[in-house]
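Pasting my_file-v5.tsv here (TSV, C-alpha atoms):
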chain	number	residue	atom	x	y	z
A	109	MET	CA	63.84	192.97	61.41
A	110	ALA	CA	62.57	190.04	59.44
A	111	GLU	CA	64.92	187.13	59.31
A	112	ALA	CA	65.37	185.20	56.06
A	113	ARG	CA	63.86	181.77	56.09
A	114	LEU	CA	66.45	179.03	56.02
A	115	ALA	CA	66.15	175.80	54.09
A	116	ALA	CA	66.92	172.49	55.78
A	117	ASN	CA	70.62	172.77	54.86
A	118	GLY	CA	71.02	176.21	56.45
A	119	VAL	CA	71.04	178.17	53.16
A	120	PRO	CA	68.47	180.96	52.80
A	121	SER	CA	65.55	179.75	50.68
A	122	SER	CA	66.04	182.45	48.02
A	123	GLN	CA	69.63	181.32	47.48
A	124	GLN	CA	68.53	177.68	47.47
A	125	ALA	CA	65.99	178.44	44.72
A	126	PHE	CA	68.67	180.24	42.70
A	127	ILE	CA	71.06	177.31	43.07
A	128	GLU	CA	68.37	174.85	41.95
A	129	GLU	CA	67.49	176.99	38.91
A	130	ALA	CA	71.15	177.35	37.95
A	131	SER	CA	71.67	173.62	38.34
A	132	ALA	CA	68.62	172.88	36.16
A	133	LEU	CA	69.84	175.35	33.52
A	134	PHE	CA	73.31	173.80	33.54
A	135	THR	CA	71.79	170.32	33.10
A	136	ARG	CA	69.69	171.48	30.12
A	137	VAL	CA	72.68	173.19	28.48
A	138	GLU	CA	74.84	170.11	29.04
A	139	GLU	CA	72.20	167.84	27.50
A	140	THR	CA	71.87	170.20	24.52
A	141	VAL	CA	75.63	170.23	23.95
A	142	GLN	CA	75.84	166.43	24.23
A	143	SER	CA	72.96	166.00	21.80
A	144	SER	CA	74.48	168.49	19.35
A	145	VAL	CA	77.88	166.78	19.45
A	146	GLU	CA	76.26	163.38	18.90
A	147	TRP	CA	74.43	164.72	15.84
A	148	LEU	CA	77.68	166.24	14.57
A	149	ARG	CA	79.46	162.91	15.15
A	150	LEU	CA	76.76	161.12	13.19
A	151	LEU	CA	77.09	163.65	10.36
A	152	VAL	CA	80.88	163.26	10.22
A	153	GLU	CA	80.62	159.45	10.26
A	154	THR	CA	78.03	159.58	7.49
A	155	LEU	CA	80.26	161.91	5.48
A	156	GLY	CA	83.12	159.42	5.88
A	157	ALA	CA	80.91	156.62	4.58
A	158	VAL	CA	79.80	158.78	1.64
A	159	VAL	CA	83.45	159.51	0.79
A	160	ILE	CA	84.21	155.77	0.78
A	161	ALA	CA	81.16	155.09	-1.42
A	162	ALA	CA	82.23	157.85	-3.83
A	163	GLY	CA	85.73	156.39	-3.91
A	164	VAL	CA	84.36	152.95	-4.75
A	165	VAL	CA	82.26	154.39	-7.58
A	166	VAL	CA	85.23	156.32	-8.97
A	167	ALA	CA	87.46	153.24	-8.69
A	168	VAL	CA	84.95	150.97	-10.45
A	169	ILE	CA	84.50	153.51	-13.26
A	170	GLY	CA	88.28	153.81	-13.57
A	171	LEU	CA	88.69	150.03	-13.70
A	172	LEU	CA	85.98	149.70	-16.33
A	173	ARG	CA	87.56	152.43	-18.46
A	174	GLN	CA	90.96	150.83	-18.17
A	175	MET	CA	89.60	147.41	-19.13
A	176	ARG	CA	87.65	148.93	-22.03
A	177	ASP	CA	90.67	150.79	-23.35
A	178	ALA	CA	92.84	147.68	-22.81
A	179	GLN	CA	95.63	149.76	-21.34
A	180	SER	CA	98.51	147.68	-20.09
A	181	GLY	CA	99.77	150.34	-17.70
A	182	GLY	CA	98.27	148.54	-14.72
A	183	PHE	CA	95.83	149.78	-12.20
A	184	GLY	CA	98.18	152.08	-10.29
A	185	ALA	CA	96.28	155.24	-11.14
A	186	VAL	CA	93.00	153.68	-10.01
A	187	ARG	CA	94.56	152.47	-6.78
A	188	LEU	CA	96.09	155.88	-6.16
A	189	SER	CA	92.76	157.61	-6.71
A	190	PHE	CA	90.94	155.18	-4.41
A	191	ALA	CA	93.64	155.55	-1.75
A	192	ARG	CA	93.01	159.30	-1.67
A	193	TYR	CA	89.34	158.69	-0.91
A	194	LEU	CA	90.22	156.17	1.79
A	195	THR	CA	92.68	158.57	3.39
A	196	LEU	CA	90.05	161.29	3.63
A	197	ALA	CA	87.47	158.83	4.95
A	198	LEU	CA	89.89	157.62	7.65
A	199	GLU	CA	90.44	161.20	8.78
A	200	LEU	CA	86.68	161.79	8.98
A	201	GLN	CA	86.11	158.57	10.93
A	202	LEU	CA	88.86	159.50	13.39
A	203	ALA	CA	87.26	162.94	13.83
A	204	ALA	CA	83.93	161.25	14.59
A	205	ASP	CA	85.60	159.05	17.21
A	206	ILE	CA	87.19	162.10	18.82
A	207	LEU	CA	83.80	163.84	18.95
A	208	SER	CA	82.24	160.77	20.51
A	209	THR	CA	84.86	160.61	23.22
A	210	SER	CA	84.82	164.35	23.92
A	211	VAL	CA	81.19	164.27	25.08
A	212	ALA	CA	81.43	161.59	27.75
A	213	PRO	CA	85.05	160.69	28.33
A	214	THR	CA	85.54	157.52	30.34
A	215	TRP	CA	88.84	155.70	30.65
A	216	GLU	CA	87.36	152.86	28.60
A	217	ARG	CA	86.31	155.20	25.77
A	218	ILE	CA	89.65	157.02	25.89
A	219	GLY	CA	91.48	153.67	25.65
A	220	LYS	CA	89.34	152.61	22.70
A	221	LEU	CA	89.92	155.98	21.02
A	222	ALA	CA	93.66	155.63	21.51
A	223	ALA	CA	93.65	152.16	19.93
A	224	ILE	CA	91.46	153.30	17.03
A	225	ALA	CA	93.56	156.43	16.53
A	226	ILE	CA	96.77	154.39	16.40
A	227	ILE	CA	95.32	151.91	13.91
A	228	ARG	CA	93.80	154.59	11.68
A	229	THR	CA	96.90	156.76	11.84
A	230	ALA	CA	99.06	153.78	10.85
A	231	LEU	CA	96.70	152.95	7.97
A	232	ASN	CA	96.69	156.57	6.88
A	233	TYR	CA	100.49	156.74	7.07
A	234	PHE	CA	100.98	153.64	4.93
A	235	LEU	CA	98.33	154.74	2.43
A	236	SER	CA	99.99	158.15	2.14
A	237	ARG	CA	103.40	156.53	1.75
A	238	GLU	CA	102.12	154.21	-0.94
A	239	MET	CA	100.47	157.12	-2.77
A	240	GLU	CA	103.73	159.08	-2.60
A	241	GLN	CA	105.72	156.13	-3.95
A	242	GLU	CA	103.17	155.59	-6.70
A	243	THR	CA	103.44	159.20	-7.87
A	244	ARG	CA	107.26	158.97	-7.94
A	245	LEU	CA	107.37	155.89	-10.16
A	246	PRO	CA	108.46	156.66	-13.72
A	247	LYS	CA	105.69	156.14	-16.24
A	248	PRO	CA	106.28	153.79	-19.18
A	249	ALA	CA	107.32	155.54	-22.39
A	250	HIS	CA	104.07	154.76	-24.22
A	251	THR	CA	101.95	156.46	-21.51
A	252	ARG	CA	104.13	159.60	-21.50
A	253	THR	CA	104.07	160.10	-25.25
A	254	GLY	CA	100.65	158.66	-25.92
A	255	MET	CA	102.20	156.27	-28.46
A	256	PRO	CA	101.51	152.55	-28.20
A	257	PRO	CA	104.47	150.30	-27.27
Spit out the file's structure as structure tokens when you get a sec.
Amino acid sequence: MAEARLAANGVPSSQQAFIEEASALFTRVEETVQSSVEWLRLLVETLGAVVIAAGVVVAVIGLLRQMRDAQSGGFGAVRLSFARYLTLALELQLAADILSTSVAPTWERIGKLAAIAIIRTALNYFLSREMEQETRLPKPAHTRTGMPP
């Protein structure tokens, strides 16, 4: 009977080769997943920035229209519209941070994510609350009827 050749660590060489191939495959898959998640994180962050930019454009257009029409109703509607964009952007930025931490979680990154999540959640909460209060406010009579004061 032929005996299987043993590697230096006492494992048959055919098993050792299989283990090395599996380890190399695992490393390649892990690198591919990390790279894919980083690209996704970058996409989500970019989308958040685009949402903020769109919100700024919409807010500036709204302000210009309101100044042009000389409406005295205030800028509540513009602020409310812009707050909606900011709320969405905050959610996207938080998602990007979660993706970033999910790839290579260290206690330092997890701590930073927790701090960022708390800050962004608080901002989002207060923005949502302000938007809710703004929508509940009664509108002046001249804006409801379309008649000037």
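When the distance limit is 8 Å and only C-alpha atoms are what count, the residues near stretch 139-145 of chain A, minus those fewer than 3 positions from it on the same chain, are Thr135, Arg136, Leu148, Arg149, Leu207, Ser208 and Val211 of chain A.
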Mind writing the picked residues with C-alpha atoms as a tab-separated table (two decimals), in the frame of the given file?
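File result_6.tsv, as written:
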chain	number	residue	atom	x	y	z
A	135	THR	CA	71.79	170.32	33.10
A	136	ARG	CA	69.69	171.48	30.12
A	148	LEU	CA	77.68	166.24	14.57
A	149	ARG	CA	79.46	162.91	15.15
A	207	LEU	CA	83.80	163.84	18.95
A	208	SER	CA	82.24	160.77	20.51
A	211	VAL	CA	81.19	164.27	25.08
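Within the 12 Å cut-off around A:Ala204, using only C-alpha atoms and omitting residues fewer than 3 positions from it on the same chain, the listed residues are Val145, Glu146, Trp147, Leu148, Arg149, Leu150, Leu151, Val152, Glu153, Thr154, Leu155, Gly156, Ala157, Ala197, Leu198, Glu199, Leu200, Gln201, Leu207, Ser208, Thr209, Ser210, Val211, Leu221, Ile224 and Ala225 of chain A.
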Residues just named, written with C-alpha atoms as a PDB file, in the frame of the given file:
ATOM      1  CA  VAL A 145      77.880 166.780  19.450  1.00  0.00           C
ATOM      2  CA  GLU A 146      76.260 163.380  18.900  1.00  0.00           C
ATOM      3  CA  TRP A 147      74.430 164.720  15.840  1.00  0.00           C
ATOM      4  CA  LEU A 148      77.680 166.240  14.570  1.00  0.00           C
ATOM      5  CA  ARG A 149      79.460 162.910  15.150  1.00  0.00           C
ATOM      6  CA  LEU A 150      76.760 161.120  13.190  1.00  0.00           C
ATOM      7  CA  LEU A 151      77.090 163.650  10.360  1.00  0.00           C
ATOM      8  CA  VAL A 152      80.880 163.260  10.220  1.00  0.00           C
ATOM      9  CA  GLU A 153      80.620 159.450  10.260  1.00  0.00           C
ATOM     10  CA  THR A 154      78.030 159.580   7.490  1.00  0.00           C
ATOM     11  CA  LEU A 155      80.260 161.910   5.480  1.00  0.00           C
ATOM     12  CA  GLY A 156      83.120 159.420   5.880  1.00  0.00           C
ATOM     13  CA  ALA A 157      80.910 156.620   4.580  1.00  0.00           C
ATOM     14  CA  ALA A 197      87.470 158.830   4.950  1.00  0.00           C
ATOM     15  CA  LEU A 198      89.890 157.620   7.650  1.00  0.00           C
ATOM     16  CA  GLU A 199      90.440 161.200   8.780  1.00  0.00           C
ATOM     17  CA  LEU A 200      86.680 161.790   8.980  1.00  0.00           C
ATOM     18  CA  GLN A 201      86.110 158.570  10.930  1.00  0.00           C
ATOM     19  CA  LEU A 207      83.800 163.840  18.950  1.00  0.00           C
ATOM     20  CA  SER A 208      82.240 160.770  20.510  1.00  0.00           C
ATOM     21  CA  THR A 209      84.860 160.610  23.220  1.00  0.00           C
ATOM     22  CA  SER A 210      84.820 164.350  23.920  1.00  0.00           C
ATOM     23  CA  VAL A 211      81.190 164.270  25.080  1.00  0.00           C
ATOM     24  CA  LEU A 221      89.920 155.980  21.020  1.00  0.00           C
ATOM     25  CA  ILE A 224      91.460 153.300  17.030  1.00  0.00           C
ATOM     26  CA  ALA A 225      93.560 156.430  16.530  1.00  0.00           C
TER      27      ALA A 225
END
Return the padded bounding box of stretch 156-172 of chain A as JSON: axis-aligned, built from all atoms listed in the file, 4 Å added on each side, with centre and edge lengths in Å to one decimal.
{"center_x": 84.2, "center_y": 154.6, "center_z": -5.2, "size_x": 16.9, "size_y": 17.8, "size_z": 30.2}
Computed interatomic separation between atom CA of A:Val159 and atom CA of A:Gln241 (Å):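 Calculated distance between atom CA of A:Val159 and atom CA of A:Gln241 is 23.0 Å.
Residue nearest A:Ser236 within the list A:Arg173, A:Arg192, A:Arg187, A:Arg217: A:Arg192 [criterion: smallest interatomic distance, all atoms listed in the file].
Using only C-alpha atoms, the shortest contact distance between A:Gly219 and any of A:Asp205, A:Gly170, A:Leu196, A:Asn232 is found at A:Asp205.
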Please report the interatomic distance between atom CA of A:Phe183 and atom CA of A:Thr229 in Å with one decimal.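 About the pair atom CA of A:Phe183 and atom CA of A:Thr229: they are 25.1 Å apart.
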Test item: residues at most 8 Å from A:Tyr193, only C-alpha atoms, excluding those fewer than 6 positions along its chain, as a PyMOL selection string: chain A and resi 159-160+162-163
Would you output that residue set with C-alpha atoms, as an mmCIF file, keeping the file's coordinate frame?
data_model
loop_
_atom_site.group_PDB
_atom_site.id
_atom_site.type_symbol
_atom_site.label_atom_id
_atom_site.label_comp_id
_atom_site.auth_asym_id
_atom_site.auth_seq_id
_atom_site.Cartn_x
_atom_site.Cartn_y
_atom_site.Cartn_z
ATOM 1 C CA VAL A 159 83.450 159.510 0.790
ATOM 2 C CA ILE A 160 84.210 155.770 0.780
ATOM 3 C CA ALA A 162 82.230 157.850 -3.830
ATOM 4 C CA GLY A 163 85.730 156.390 -3.910
#
Which residue of A:Leu194, A:Leu188, A:Leu202, A:Val165 approaches A:Arg244 most closely, using all atoms listed in the file: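 Closest to A:Arg244, using all atoms listed in the file: A:Leu188.
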Could you jot down the atom CA of A:Ser189 to atom CA of A:Ile206 separation for me, Å, one decimal place? 26.5 Å
Which one is closest to A:Val186: A:Val137, A:Ala203, A:Glu216, A:Val168? Count only C-alpha atoms.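 The closest residue to A:Val186 is A:Val168.
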